[in-house]
$ cat final_21.pdb   # PDB, N, CA and C atoms and all ligand atoms
ATOM      1  N   MET A   1       6.380   9.789  19.259
ATOM      2  CA  MET A   1       5.109  10.249  18.659
ATOM      3  C   MET A   1       4.736   9.337  17.489
ATOM      4  N   THR A   2       3.467   8.995  17.420
ATOM      5  CA  THR A   2       2.990   8.167  16.323
ATOM      6  C   THR A   2       1.517   8.491  16.077
ATOM      7  N   TYR A   3       0.935   7.814  15.145
ATOM      8  CA  TYR A   3      -0.507   7.900  14.924
ATOM      9  C   TYR A   3      -1.137   6.625  15.465
ATOM     10  N   VAL A   4      -2.396   6.732  15.861
ATOM     11  CA  VAL A   4      -3.047   5.652  16.601
ATOM     12  C   VAL A   4      -4.453   5.444  16.039
ATOM     13  N   ILE A   5      -4.859   4.198  15.883
ATOM     14  CA  ILE A   5      -6.227   3.914  15.449
ATOM     15  C   ILE A   5      -7.094   3.656  16.683
ATOM     16  N   THR A   6      -8.265   4.252  16.697
ATOM     17  CA  THR A   6      -9.118   4.226  17.896
ATOM     18  C   THR A   6     -10.445   3.519  17.630
ATOM     19  N   GLU A   7     -11.352   3.637  18.585
ATOM     20  CA  GLU A   7     -12.532   2.767  18.649
ATOM     21  C   GLU A   7     -13.477   2.858  17.464
ATOM     22  N   THR A   8     -13.529   3.970  16.760
ATOM     23  CA  THR A   8     -14.518   4.036  15.680
ATOM     24  C   THR A   8     -14.152   3.131  14.505
ATOM     25  N   CYS A   9     -12.944   2.596  14.488
ATOM     26  CA  CYS A   9     -12.575   1.610  13.457
ATOM     27  C   CYS A   9     -13.219   0.248  13.713
ATOM     28  N   ILE A  10     -13.540  -0.039  14.961
ATOM     29  CA  ILE A  10     -14.016  -1.374  15.338
ATOM     30  C   ILE A  10     -15.256  -1.765  14.535
ATOM     31  N   ASP A  11     -15.146  -2.894  13.858
ATOM     32  CA  ASP A  11     -16.207  -3.484  13.028
ATOM     33  C   ASP A  11     -16.576  -2.630  11.808
ATOM     34  N   ILE A  12     -15.810  -1.567  11.557
ATOM     35  CA  ILE A  12     -15.961  -0.791  10.321
ATOM     36  C   ILE A  12     -14.870  -1.218   9.350
ATOM     37  N   LYS A  13     -13.610  -1.063   9.797
ATOM     38  CA  LYS A  13     -12.470  -1.541   9.017
ATOM     39  C   LYS A  13     -12.541  -1.115   7.556
ATOM     40  N   ASP A  14     -12.699   0.169   7.327
ATOM     41  CA  ASP A  14     -12.752   0.682   5.960
ATOM     42  C   ASP A  14     -11.484   0.333   5.181
ATOM     43  N   GLY A  15     -10.334   0.498   5.817
ATOM     44  CA  GLY A  15      -9.080   0.101   5.175
ATOM     45  C   GLY A  15      -8.432   1.150   4.291
ATOM     46  N   ALA A  16      -9.046   2.307   4.138
ATOM     47  CA  ALA A  16      -8.436   3.356   3.306
ATOM     48  C   ALA A  16      -7.068   3.731   3.855
ATOM     49  N   CYS A  17      -6.928   3.730   5.169
ATOM     50  CA  CYS A  17      -5.645   4.083   5.806
ATOM     51  C   CYS A  17      -4.524   3.171   5.325
ATOM     52  N   ALA A  18      -4.790   1.870   5.342
ATOM     53  CA  ALA A  18      -3.752   0.913   4.952
ATOM     54  C   ALA A  18      -3.388   1.072   3.479
ATOM     55  N   SER A  19      -4.347   1.490   2.673
ATOM     56  CA  SER A  19      -4.088   1.665   1.236
ATOM     57  C   SER A  19      -3.151   2.830   0.964
ATOM     58  N   VAL A  20      -3.196   3.859   1.807
ATOM     59  CA  VAL A  20      -2.384   5.049   1.521
ATOM     60  C   VAL A  20      -1.075   5.104   2.309
ATOM     61  N   CYS A  21      -0.918   4.288   3.311
ATOM     62  CA  CYS A  21       0.287   4.373   4.151
ATOM     63  C   CYS A  21       1.544   4.087   3.316
ATOM     64  N   PRO A  22       2.461   5.041   3.247
ATOM     65  CA  PRO A  22       3.634   4.872   2.374
ATOM     66  C   PRO A  22       4.651   3.871   2.887
ATOM     67  N   VAL A  23       4.562   3.487   4.157
ATOM     68  CA  VAL A  23       5.539   2.543   4.698
ATOM     69  C   VAL A  23       4.884   1.244   5.201
ATOM     70  N   ASP A  24       3.623   1.031   4.807
ATOM     71  CA  ASP A  24       2.901  -0.204   5.179
ATOM     72  C   ASP A  24       2.977  -0.494   6.676
ATOM     73  N   SER A  25       2.708   0.544   7.471
ATOM     74  CA  SER A  25       2.786   0.343   8.921
ATOM     75  C   SER A  25       1.408   0.153   9.557
ATOM     76  N   ILE A  26       0.370  -0.089   8.711
ATOM     77  CA  ILE A  26      -0.979  -0.313   9.238
ATOM     78  C   ILE A  26      -1.365  -1.770   8.970
ATOM     79  N   TYR A  27      -1.783  -2.459  10.019
ATOM     80  CA  TYR A  27      -2.027  -3.886   9.953
ATOM     81  C   TYR A  27      -3.477  -4.208  10.313
ATOM     82  N   GLU A  28      -4.032  -5.193   9.640
ATOM     83  CA  GLU A  28      -5.425  -5.569   9.867
ATOM     84  C   GLU A  28      -5.526  -6.618  10.958
ATOM     85  N   GLY A  29      -6.413  -6.337  11.937
ATOM     86  CA  GLY A  29      -6.709  -7.314  12.967
ATOM     87  C   GLY A  29      -8.121  -7.842  12.760
ATOM     88  N   GLY A  30      -8.618  -8.584  13.716
ATOM     89  CA  GLY A  30      -9.938  -9.191  13.578
ATOM     90  C   GLY A  30     -11.062  -8.170  13.517
ATOM     91  N   ARG A  31     -10.989  -7.142  14.330
ATOM     92  CA  ARG A  31     -12.095  -6.177  14.401
ATOM     93  C   ARG A  31     -11.699  -4.751  14.058
ATOM     94  N   MET A  32     -10.398  -4.474  13.912
ATOM     95  CA  MET A  32      -9.948  -3.119  13.568
ATOM     96  C   MET A  32      -8.558  -3.183  12.958
ATOM     97  N   PHE A  33      -8.107  -2.036  12.467
ATOM     98  CA  PHE A  33      -6.729  -1.921  11.994
ATOM     99  C   PHE A  33      -5.871  -1.346  13.126
ATOM    100  N   TYR A  34      -4.566  -1.557  13.013
ATOM    101  CA  TYR A  34      -3.621  -1.089  14.034
ATOM    102  C   TYR A  34      -2.410  -0.454  13.351
ATOM    103  N   ILE A  35      -1.852   0.579  13.974
ATOM    104  CA  ILE A  35      -0.646   1.222  13.455
ATOM    105  C   ILE A  35       0.556   0.777  14.276
ATOM    106  N   HIS A  36       1.591   0.339  13.573
ATOM    107  CA  HIS A  36       2.813  -0.056  14.272
ATOM    108  C   HIS A  36       3.581   1.210  14.668
ATOM    109  N   PRO A  37       3.722   1.451  15.967
ATOM    110  CA  PRO A  37       4.298   2.721  16.421
ATOM    111  C   PRO A  37       5.773   2.891  16.062
ATOM    112  N   ASP A  38       6.481   1.815  15.830
ATOM    113  CA  ASP A  38       7.902   1.930  15.502
ATOM    114  C   ASP A  38       8.139   2.031  14.000
ATOM    115  N   GLU A  39       7.114   1.813  13.216
ATOM    116  CA  GLU A  39       7.252   1.879  11.755
ATOM    117  C   GLU A  39       6.645   3.151  11.179
ATOM    118  N   CYS A  40       5.663   3.717  11.853
ATOM    119  CA  CYS A  40       4.974   4.926  11.387
ATOM    120  C   CYS A  40       5.963   6.083  11.251
ATOM    121  N   ILE A  41       5.889   6.795  10.129
ATOM    122  CA  ILE A  41       6.782   7.947   9.909
ATOM    123  C   ILE A  41       6.041   9.283  10.106
ATOM    124  N   ASN A  42       4.833   9.204  10.662
ATOM    125  CA  ASN A  42       4.086  10.413  11.055
ATOM    126  C   ASN A  42       3.734  11.335   9.891
ATOM    127  N   CYS A  43       3.373  10.740   8.771
ATOM    128  CA  CYS A  43       3.045  11.576   7.609
ATOM    129  C   CYS A  43       1.624  12.148   7.689
ATOM    130  N   GLY A  44       0.735  11.475   8.426
ATOM    131  CA  GLY A  44      -0.623  11.975   8.591
ATOM    132  C   GLY A  44      -1.605  11.593   7.500
ATOM    133  N   LEU A  45      -1.167  10.848   6.495
ATOM    134  CA  LEU A  45      -2.068  10.489   5.395
ATOM    135  C   LEU A  45      -3.261   9.672   5.873
ATOM    136  N   CYS A  46      -3.022   8.733   6.762
ATOM    137  CA  CYS A  46      -4.107   7.864   7.231
ATOM    138  C   CYS A  46      -5.202   8.683   7.910
ATOM    139  N   LEU A  47      -4.797   9.655   8.686
ATOM    140  CA  LEU A  47      -5.771  10.500   9.380
ATOM    141  C   LEU A  47      -6.633  11.252   8.365
ATOM    142  N   SER A  48      -6.027  11.688   7.284
ATOM    143  CA  SER A  48      -6.766  12.508   6.318
ATOM    144  C   SER A  48      -7.754  11.702   5.486
ATOM    145  N   VAL A  49      -7.587  10.383   5.378
ATOM    146  CA  VAL A  49      -8.497   9.601   4.527
ATOM    147  C   VAL A  49      -9.514   8.768   5.298
ATOM    148  N   CYS A  50      -9.359   8.616   6.593
ATOM    149  CA  CYS A  50     -10.279   7.747   7.345
ATOM    150  C   CYS A  50     -11.695   8.322   7.349
ATOM    151  N   PRO A  51     -12.688   7.565   6.853
ATOM    152  CA  PRO A  51     -14.050   8.086   6.766
ATOM    153  C   PRO A  51     -14.780   8.157   8.105
ATOM    154  N   VAL A  52     -14.233   7.525   9.131
ATOM    155  CA  VAL A  52     -14.908   7.547  10.438
ATOM    156  C   VAL A  52     -14.062   8.229  11.518
ATOM    157  N   ASP A  53     -13.054   8.970  11.089
ATOM    158  CA  ASP A  53     -12.190   9.713  12.027
ATOM    159  C   ASP A  53     -11.631   8.839  13.139
ATOM    160  N   ALA A  54     -11.197   7.652  12.762
ATOM    161  CA  ALA A  54     -10.671   6.732  13.773
ATOM    162  C   ALA A  54      -9.203   6.980  14.088
ATOM    163  N   VAL A  55      -8.517   7.732  13.235
ATOM    164  CA  VAL A  55      -7.077   7.912  13.420
ATOM    165  C   VAL A  55      -6.799   9.198  14.190
ATOM    166  N   ALA A  56      -5.921   9.085  15.176
ATOM    167  CA  ALA A  56      -5.553  10.249  15.984
ATOM    168  C   ALA A  56      -4.038  10.361  16.052
ATOM    169  N   ARG A  57      -3.569  11.595  16.150
ATOM    170  CA  ARG A  57      -2.148  11.828  16.394
ATOM    171  C   ARG A  57      -1.927  11.658  17.895
ATOM    172  N   GLU A  58      -0.944  10.882  18.254
ATOM    173  CA  GLU A  58      -0.745  10.535  19.664
ATOM    174  C   GLU A  58      -0.770  11.770  20.569
ATOM    175  N   GLY A  59      -0.118  12.823  20.169
ATOM    176  CA  GLY A  59      -0.021  14.011  21.012
ATOM    177  C   GLY A  59      -1.309  14.805  21.130
ATOM    178  N   ASP A  60      -2.272  14.520  20.258
ATOM    179  CA  ASP A  60      -3.527  15.280  20.252
ATOM    180  C   ASP A  60      -4.692  14.510  20.865
ATOM    181  N   MET A  61      -4.433  13.338  21.419
ATOM    182  CA  MET A  61      -5.531  12.479  21.865
ATOM    183  C   MET A  61      -6.150  12.959  23.174
ATOM    184  N   ALA A  62      -7.470  12.819  23.233
ATOM    185  CA  ALA A  62      -8.181  13.119  24.464
ATOM    186  C   ALA A  62      -7.818  12.060  25.508
ATOM    187  N   GLU A  63      -7.935  12.419  26.751
ATOM    188  CA  GLU A  63      -7.581  11.519  27.854
ATOM    189  C   GLU A  63      -8.288  10.169  27.709
ATOM    190  N   GLY A  64      -9.566  10.204  27.352
ATOM    191  CA  GLY A  64     -10.343   8.976  27.245
ATOM    192  C   GLY A  64      -9.948   8.071  26.095
ATOM    193  N   GLN A  65      -9.160   8.575  25.153
ATOM    194  CA  GLN A  65      -8.737   7.777  23.995
ATOM    195  C   GLN A  65      -7.352   7.190  24.179
ATOM    196  N   LYS A  66      -6.628   7.631  25.163
ATOM    197  CA  LYS A  66      -5.214   7.275  25.257
ATOM    198  C   LYS A  66      -4.949   5.791  25.453
ATOM    199  N   GLY A  67      -5.949   5.059  25.923
ATOM    200  CA  GLY A  67      -5.791   3.621  26.065
ATOM    201  C   GLY A  67      -5.481   2.941  24.741
ATOM    202  N   TYR A  68      -5.880   3.578  23.642
ATOM    203  CA  TYR A  68      -5.638   2.978  22.333
ATOM    204  C   TYR A  68      -4.177   3.046  21.914
ATOM    205  N   ILE A  69      -3.378   3.889  22.562
ATOM    206  CA  ILE A  69      -1.936   3.890  22.289
ATOM    207  C   ILE A  69      -1.387   2.502  22.631
ATOM    208  N   GLU A  70      -1.786   1.994  23.781
ATOM    209  CA  GLU A  70      -1.336   0.663  24.197
ATOM    210  C   GLU A  70      -2.005  -0.434  23.386
ATOM    211  N   VAL A  71      -3.264  -0.233  23.027
ATOM    212  CA  VAL A  71      -3.970  -1.238  22.229
ATOM    213  C   VAL A  71      -3.231  -1.462  20.907
ATOM    214  N   ASN A  72      -2.850  -0.385  20.229
ATOM    215  CA  ASN A  72      -2.123  -0.508  18.958
ATOM    216  C   ASN A  72      -0.747  -1.129  19.190
ATOM    217  N   ARG A  73      -0.028  -0.618  20.182
ATOM    218  CA  ARG A  73       1.323  -1.127  20.441
ATOM    219  C   ARG A  73       1.291  -2.595  20.854
ATOM    220  N   ASP A  74       0.384  -2.941  21.753
ATOM    221  CA  ASP A  74       0.358  -4.317  22.255
ATOM    222  C   ASP A  74       0.022  -5.304  21.146
ATOM    223  N   PHE A  75      -0.890  -4.932  20.253
ATOM    224  CA  PHE A  75      -1.275  -5.863  19.184
ATOM    225  C   PHE A  75      -0.086  -6.175  18.283
ATOM    226  N   LEU A  76       0.749  -5.171  18.005
ATOM    227  CA  LEU A  76       1.805  -5.344  17.011
ATOM    228  C   LEU A  76       3.181  -5.625  17.584
ATOM    229  N   VAL A  77       3.469  -5.093  18.759
ATOM    230  CA  VAL A  77       4.819  -5.216  19.286
ATOM    231  C   VAL A  77       4.947  -6.431  20.205
ATOM    232  N   LEU A  78       3.882  -6.748  20.919
ATOM    233  CA  LEU A  78       3.967  -7.829  21.898
ATOM    234  C   LEU A  78       3.522  -9.177  21.354
ATOM    235  N   ARG A  79       3.014  -9.202  20.142
ATOM    236  CA  ARG A  79       2.492 -10.486  19.659
ATOM    237  C   ARG A  79       3.613 -11.442  19.306
TER     238      ARG A  79
HETATM  239  S1  LIG B   1       0.862   8.557   9.751
HETATM  240 FE1  LIG B   1       1.611   7.949   7.689
HETATM  241  S2  LIG B   1       3.224   6.430   8.124
HETATM  242 FE2  LIG B   1       1.991   6.637  10.006
HETATM  243  S3  LIG B   1       0.465   4.994   9.862
HETATM  244 FE3  LIG B   1      -0.465   6.888   9.020
HETATM  245  S4  LIG B   1      -0.096   6.743   6.788
HETATM  246 FE4  LIG B   1       1.309   5.287   7.783
END

$ encode --input "final_21.pdb" --output "structure tokens" --more "lines below"
Ligand code: SF4
Amino acid sequence: MTYVITETCIDIKDGACASVCPVDSIYEGGRMFYIHPDECINCGLCLSVCPVDAVAREGDMAEGQKGYIEVNRDFLVLR
């Protein structure tokens, strides 16, 4: 289980999430931020501060959003 950044971050990149993450597990990409699934400690702070509701808890994601689990993982784990 982890937290995941989804499509509403794209080209917004507010960055409040990265500022509050206690373990620095949020990374900036070209068009959005990404959460490292192996570093996230599931505190939920990022979800509570995102102004565009881009952060989702993996277990609560709608079917149509689940592709972002791989988007976050692939950006950080496979690079
Ligand atoms: S849930 Fe907590 S540890 Fe995980 S990315 Fe968000 S702020 Fe960081």

$ select_by_dssp --input "final_21.pdb" --residues "chain A" --states "helix (DSSP H, G or I)" --output "mmCIF file with N, CA and C atoms, in the coordinates of the input"
data_model
loop_
_atom_site.group_PDB
_atom_site.id
_atom_site.type_symbol
_atom_site.label_atom_id
_atom_site.label_comp_id
_atom_site.auth_asym_id
_atom_site.auth_seq_id
_atom_site.Cartn_x
_atom_site.Cartn_y
_atom_site.Cartn_z
ATOM 1 N N GLU A 7 -11.352 3.637 18.585
ATOM 2 C CA GLU A 7 -12.532 2.767 18.649
ATOM 3 C C GLU A 7 -13.477 2.858 17.464
ATOM 4 N N THR A 8 -13.529 3.970 16.760
ATOM 5 C CA THR A 8 -14.518 4.036 15.680
ATOM 6 C C THR A 8 -14.152 3.131 14.505
ATOM 7 N N CYS A 9 -12.944 2.596 14.488
ATOM 8 C CA CYS A 9 -12.575 1.610 13.457
ATOM 9 C C CYS A 9 -13.219 0.248 13.713
ATOM 10 N N ALA A 16 -9.046 2.307 4.138
ATOM 11 C CA ALA A 16 -8.436 3.356 3.306
ATOM 12 C C ALA A 16 -7.068 3.731 3.855
ATOM 13 N N CYS A 17 -6.928 3.730 5.169
ATOM 14 C CA CYS A 17 -5.645 4.083 5.806
ATOM 15 C C CYS A 17 -4.524 3.171 5.325
ATOM 16 N N ALA A 18 -4.790 1.870 5.342
ATOM 17 C CA ALA A 18 -3.752 0.913 4.952
ATOM 18 C C ALA A 18 -3.388 1.072 3.479
ATOM 19 N N SER A 19 -4.347 1.490 2.673
ATOM 20 C CA SER A 19 -4.088 1.665 1.236
ATOM 21 C C SER A 19 -3.151 2.830 0.964
ATOM 22 N N VAL A 20 -3.196 3.859 1.807
ATOM 23 C CA VAL A 20 -2.384 5.049 1.521
ATOM 24 C C VAL A 20 -1.075 5.104 2.309
ATOM 25 N N LEU A 45 -1.167 10.848 6.495
ATOM 26 C CA LEU A 45 -2.068 10.489 5.395
ATOM 27 C C LEU A 45 -3.261 9.672 5.873
ATOM 28 N N CYS A 46 -3.022 8.733 6.762
ATOM 29 C CA CYS A 46 -4.107 7.864 7.231
ATOM 30 C C CYS A 46 -5.202 8.683 7.910
ATOM 31 N N LEU A 47 -4.797 9.655 8.686
ATOM 32 C CA LEU A 47 -5.771 10.500 9.380
ATOM 33 C C LEU A 47 -6.633 11.252 8.365
ATOM 34 N N SER A 48 -6.027 11.688 7.284
ATOM 35 C CA SER A 48 -6.766 12.508 6.318
ATOM 36 C C SER A 48 -7.754 11.702 5.486
ATOM 37 N N VAL A 49 -7.587 10.383 5.378
ATOM 38 C CA VAL A 49 -8.497 9.601 4.527
ATOM 39 C C VAL A 49 -9.514 8.768 5.298
ATOM 40 N N GLU A 58 -0.944 10.882 18.254
ATOM 41 C CA GLU A 58 -0.745 10.535 19.664
ATOM 42 C C GLU A 58 -0.770 11.770 20.569
ATOM 43 N N GLY A 59 -0.118 12.823 20.169
ATOM 44 C CA GLY A 59 -0.021 14.011 21.012
ATOM 45 C C GLY A 59 -1.309 14.805 21.130
ATOM 46 N N ASP A 60 -2.272 14.520 20.258
ATOM 47 C CA ASP A 60 -3.527 15.280 20.252
ATOM 48 C C ASP A 60 -4.692 14.510 20.865
ATOM 49 N N GLU A 63 -7.935 12.419 26.751
ATOM 50 C CA GLU A 63 -7.581 11.519 27.854
ATOM 51 C C GLU A 63 -8.288 10.169 27.709
ATOM 52 N N GLY A 64 -9.566 10.204 27.352
ATOM 53 C CA GLY A 64 -10.343 8.976 27.245
ATOM 54 C C GLY A 64 -9.948 8.071 26.095
ATOM 55 N N GLN A 65 -9.160 8.575 25.153
ATOM 56 C CA GLN A 65 -8.737 7.777 23.995
ATOM 57 C C GLN A 65 -7.352 7.190 24.179
ATOM 58 N N GLY A 67 -5.949 5.059 25.923
ATOM 59 C CA GLY A 67 -5.791 3.621 26.065
ATOM 60 C C GLY A 67 -5.481 2.941 24.741
ATOM 61 N N TYR A 68 -5.880 3.578 23.642
ATOM 62 C CA TYR A 68 -5.638 2.978 22.333
ATOM 63 C C TYR A 68 -4.177 3.046 21.914
ATOM 64 N N ILE A 69 -3.378 3.889 22.562
ATOM 65 C CA ILE A 69 -1.936 3.890 22.289
ATOM 66 C C ILE A 69 -1.387 2.502 22.631
ATOM 67 N N GLU A 70 -1.786 1.994 23.781
ATOM 68 C CA GLU A 70 -1.336 0.663 24.197
ATOM 69 C C GLU A 70 -2.005 -0.434 23.386
ATOM 70 N N VAL A 71 -3.264 -0.233 23.027
ATOM 71 C CA VAL A 71 -3.970 -1.238 22.229
ATOM 72 C C VAL A 71 -3.231 -1.462 20.907
ATOM 73 N N ASN A 72 -2.850 -0.385 20.229
ATOM 74 C CA ASN A 72 -2.123 -0.508 18.958
ATOM 75 C C ASN A 72 -0.747 -1.129 19.190
ATOM 76 N N ARG A 73 -0.028 -0.618 20.182
ATOM 77 C CA ARG A 73 1.323 -1.127 20.441
ATOM 78 C C ARG A 73 1.291 -2.595 20.854
ATOM 79 N N ASP A 74 0.384 -2.941 21.753
ATOM 80 C CA ASP A 74 0.358 -4.317 22.255
ATOM 81 C C ASP A 74 0.022 -5.304 21.146
ATOM 82 N N PHE A 75 -0.890 -4.932 20.253
ATOM 83 C CA PHE A 75 -1.275 -5.863 19.184
ATOM 84 C C PHE A 75 -0.086 -6.175 18.283
ATOM 85 N N LEU A 76 0.749 -5.171 18.005
ATOM 86 C CA LEU A 76 1.805 -5.344 17.011
ATOM 87 C C LEU A 76 3.181 -5.625 17.584
ATOM 88 N N VAL A 77 3.469 -5.093 18.759
ATOM 89 C CA VAL A 77 4.819 -5.216 19.286
ATOM 90 C C VAL A 77 4.947 -6.431 20.205
#

$ resolve_selection --input "final_21.pdb" --expression "the PyMOL selection byres (((chain A and resi 43 and name CA) around 12) and not hetatm and name CA)" --output "number ranges by chain"
A: 1-3, 17, 20-23, 25, 39-42, 44-48, 57

$ write_last_selection --input "final_21.pdb" --atoms "N, CA and C atoms" --output "compact mmCIF listing (two decimals), in the coordinates of the input"
# COMPACT_ATOMS: atom_id res chain seq x y z
N MET A 1 6.38 9.79 19.26
CA MET A 1 5.11 10.25 18.66
C MET A 1 4.74 9.34 17.49
N THR A 2 3.47 8.99 17.42
CA THR A 2 2.99 8.17 16.32
C THR A 2 1.52 8.49 16.08
N TYR A 3 0.94 7.81 15.14
CA TYR A 3 -0.51 7.90 14.92
C TYR A 3 -1.14 6.62 15.46
N CYS A 17 -6.93 3.73 5.17
CA CYS A 17 -5.64 4.08 5.81
C CYS A 17 -4.52 3.17 5.32
N VAL A 20 -3.20 3.86 1.81
CA VAL A 20 -2.38 5.05 1.52
C VAL A 20 -1.08 5.10 2.31
N CYS A 21 -0.92 4.29 3.31
CA CYS A 21 0.29 4.37 4.15
C CYS A 21 1.54 4.09 3.32
N PRO A 22 2.46 5.04 3.25
CA PRO A 22 3.63 4.87 2.37
C PRO A 22 4.65 3.87 2.89
N VAL A 23 4.56 3.49 4.16
CA VAL A 23 5.54 2.54 4.70
C VAL A 23 4.88 1.24 5.20
N SER A 25 2.71 0.54 7.47
CA SER A 25 2.79 0.34 8.92
C SER A 25 1.41 0.15 9.56
N GLU A 39 7.11 1.81 13.22
CA GLU A 39 7.25 1.88 11.76
C GLU A 39 6.64 3.15 11.18
N CYS A 40 5.66 3.72 11.85
CA CYS A 40 4.97 4.93 11.39
C CYS A 40 5.96 6.08 11.25
N ILE A 41 5.89 6.80 10.13
CA ILE A 41 6.78 7.95 9.91
C ILE A 41 6.04 9.28 10.11
N ASN A 42 4.83 9.20 10.66
CA ASN A 42 4.09 10.41 11.06
C ASN A 42 3.73 11.34 9.89
N GLY A 44 0.74 11.48 8.43
CA GLY A 44 -0.62 11.98 8.59
C GLY A 44 -1.60 11.59 7.50
N LEU A 45 -1.17 10.85 6.50
CA LEU A 45 -2.07 10.49 5.40
C LEU A 45 -3.26 9.67 5.87
N CYS A 46 -3.02 8.73 6.76
CA CYS A 46 -4.11 7.86 7.23
C CYS A 46 -5.20 8.68 7.91
N LEU A 47 -4.80 9.65 8.69
CA LEU A 47 -5.77 10.50 9.38
C LEU A 47 -6.63 11.25 8.36
N SER A 48 -6.03 11.69 7.28
CA SER A 48 -6.77 12.51 6.32
C SER A 48 -7.75 11.70 5.49
N ARG A 57 -3.57 11.60 16.15
CA ARG A 57 -2.15 11.83 16.39
C ARG A 57 -1.93 11.66 17.90

$ resolve_selection --input "final_21.pdb" --expression "the PyMOL selection byres (((chain A and resi 61-76 and name CA) around 9) and not hetatm and name CA)" --output "PyMOL selection string"
chain A and resi 2-7+27+29+33-38+56-60+77-79

$ residues_near_point --input "final_21.pdb" --point "(-11.7, 5.8, 16.9)" --cutoff "6.5 Å" --atoms "all atoms listed in the file" --output "JSON, numbers by chain"
{"A": [5, 6, 7, 8, 9, 10, 52, 53, 54, 55]}

$ write_last_selection --input "final_21.pdb" --atoms "N, CA and C atoms" --output "PDB file, in the frame of the given file"
ATOM      1  N   ILE A   5      -4.859   4.198  15.883  1.00  0.00           N
ATOM      2  CA  ILE A   5      -6.227   3.914  15.449  1.00  0.00           C
ATOM      3  C   ILE A   5      -7.094   3.656  16.683  1.00  0.00           C
ATOM      4  N   THR A   6      -8.265   4.252  16.697  1.00  0.00           N
ATOM      5  CA  THR A   6      -9.118   4.226  17.896  1.00  0.00           C
ATOM      6  C   THR A   6     -10.445   3.519  17.630  1.00  0.00           C
ATOM      7  N   GLU A   7     -11.352   3.637  18.585  1.00  0.00           N
ATOM      8  CA  GLU A   7     -12.532   2.767  18.649  1.00  0.00           C
ATOM      9  C   GLU A   7     -13.477   2.858  17.464  1.00  0.00           C
ATOM     10  N   THR A   8     -13.529   3.970  16.760  1.00  0.00           N
ATOM     11  CA  THR A   8     -14.518   4.036  15.680  1.00  0.00           C
ATOM     12  C   THR A   8     -14.152   3.131  14.505  1.00  0.00           C
ATOM     13  N   CYS A   9     -12.944   2.596  14.488  1.00  0.00           N
ATOM     14  CA  CYS A   9     -12.575   1.610  13.457  1.00  0.00           C
ATOM     15  C   CYS A   9     -13.219   0.248  13.713  1.00  0.00           C
ATOM     16  N   ILE A  10     -13.540  -0.039  14.961  1.00  0.00           N
ATOM     17  CA  ILE A  10     -14.016  -1.374  15.338  1.00  0.00           C
ATOM     18  C   ILE A  10     -15.256  -1.765  14.535  1.00  0.00           C
ATOM     19  N   VAL A  52     -14.233   7.525   9.131  1.00  0.00           N
ATOM     20  CA  VAL A  52     -14.908   7.547  10.438  1.00  0.00           C
ATOM     21  C   VAL A  52     -14.062   8.229  11.518  1.00  0.00           C
ATOM     22  N   ASP A  53     -13.054   8.970  11.089  1.00  0.00           N
ATOM     23  CA  ASP A  53     -12.190   9.713  12.027  1.00  0.00           C
ATOM     24  C   ASP A  53     -11.631   8.839  13.139  1.00  0.00           C
ATOM     25  N   ALA A  54     -11.197   7.652  12.762  1.00  0.00           N
ATOM     26  CA  ALA A  54     -10.671   6.732  13.773  1.00  0.00           C
ATOM     27  C   ALA A  54      -9.203   6.980  14.088  1.00  0.00           C
ATOM     28  N   VAL A  55      -8.517   7.732  13.235  1.00  0.00           N
ATOM     29  CA  VAL A  55      -7.077   7.912  13.420  1.00  0.00           C
ATOM     30  C   VAL A  55      -6.799   9.198  14.190  1.00  0.00           C
TER      31      VAL A  55
END

$ axis_aligned_box --input "final_21.pdb" --around "ligand LIG 1 (chain B)" --padding-each-side "3 Å" --output "AutoDock Vina command-line options"
--center_x 1.4 --center_y 6.8 --center_z 8.4 --size_x 9.7 --size_y 9.6 --size_z 9.2

$ atom_distance --input "final_21.pdb" --atom1 "atom CA of A:Val49" --atom2 "atom C of A:Ala16"
6.1 Å

$ atom_distance --input "final_21.pdb" --atom1 "atom S2 of ligand LIG 1 (chain B)" --atom2 "atom CA of A:Asp11"
22.4 Å

$ atom_distance --input "final_21.pdb" --atom1 "atom CA of A:Pro51" --atom2 "atom N of A:Asp24"
19.1 Å

$ select_by_dssp --input "final_21.pdb" --residues "chain A" --states "strand (DSSP E)" --output "VMD selection string"
chain A and resid 3 to 5 26 to 28 33 to 35 55 to 57

$ decode --input "final_21.pdb" --residues "stretch 35-42 of chain A" --atoms "N, CA and C atoms" --output "mmCIF file, in the first residue's frame"
data_model
loop_
_atom_site.group_PDB
_atom_site.id
_atom_site.type_symbol
_atom_site.label_atom_id
_atom_site.label_comp_id
_atom_site.auth_asym_id
_atom_site.auth_seq_id
_atom_site.Cartn_x
_atom_site.Cartn_y
_atom_site.Cartn_z
ATOM 1 N N ILE A 35 5.347 9.746 -6.352
ATOM 2 C CA ILE A 35 5.646 9.192 -5.032
ATOM 3 C C ILE A 35 6.382 7.869 -5.196
ATOM 4 N N HIS A 36 7.498 7.751 -4.490
ATOM 5 C CA HIS A 36 8.243 6.494 -4.539
ATOM 6 C C HIS A 36 7.534 5.471 -3.644
ATOM 7 N N PRO A 37 7.015 4.402 -4.241
ATOM 8 C CA PRO A 37 6.183 3.466 -3.478
ATOM 9 C C PRO A 37 6.949 2.698 -2.403
ATOM 10 N N ASP A 38 8.244 2.574 -2.535
ATOM 11 C CA ASP A 38 9.015 1.829 -1.539
ATOM 12 C C ASP A 38 9.529 2.728 -0.420
ATOM 13 N N GLU A 39 9.398 4.020 -0.582
ATOM 14 C CA GLU A 39 9.874 4.963 0.439
ATOM 15 C C GLU A 39 8.729 5.563 1.243
ATOM 16 N N CYS A 40 7.550 5.644 0.658
ATOM 17 C CA CYS A 40 6.377 6.232 1.315
ATOM 18 C C CYS A 40 6.037 5.460 2.589
ATOM 19 N N ILE A 41 5.787 6.190 3.674
ATOM 20 C CA ILE A 41 5.427 5.543 4.949
ATOM 21 C C ILE A 41 3.919 5.669 5.240
ATOM 22 N N ASN A 42 3.164 6.100 4.231
ATOM 23 C CA ASN A 42 1.692 6.111 4.322
ATOM 24 C C ASN A 42 1.141 7.022 5.416
#
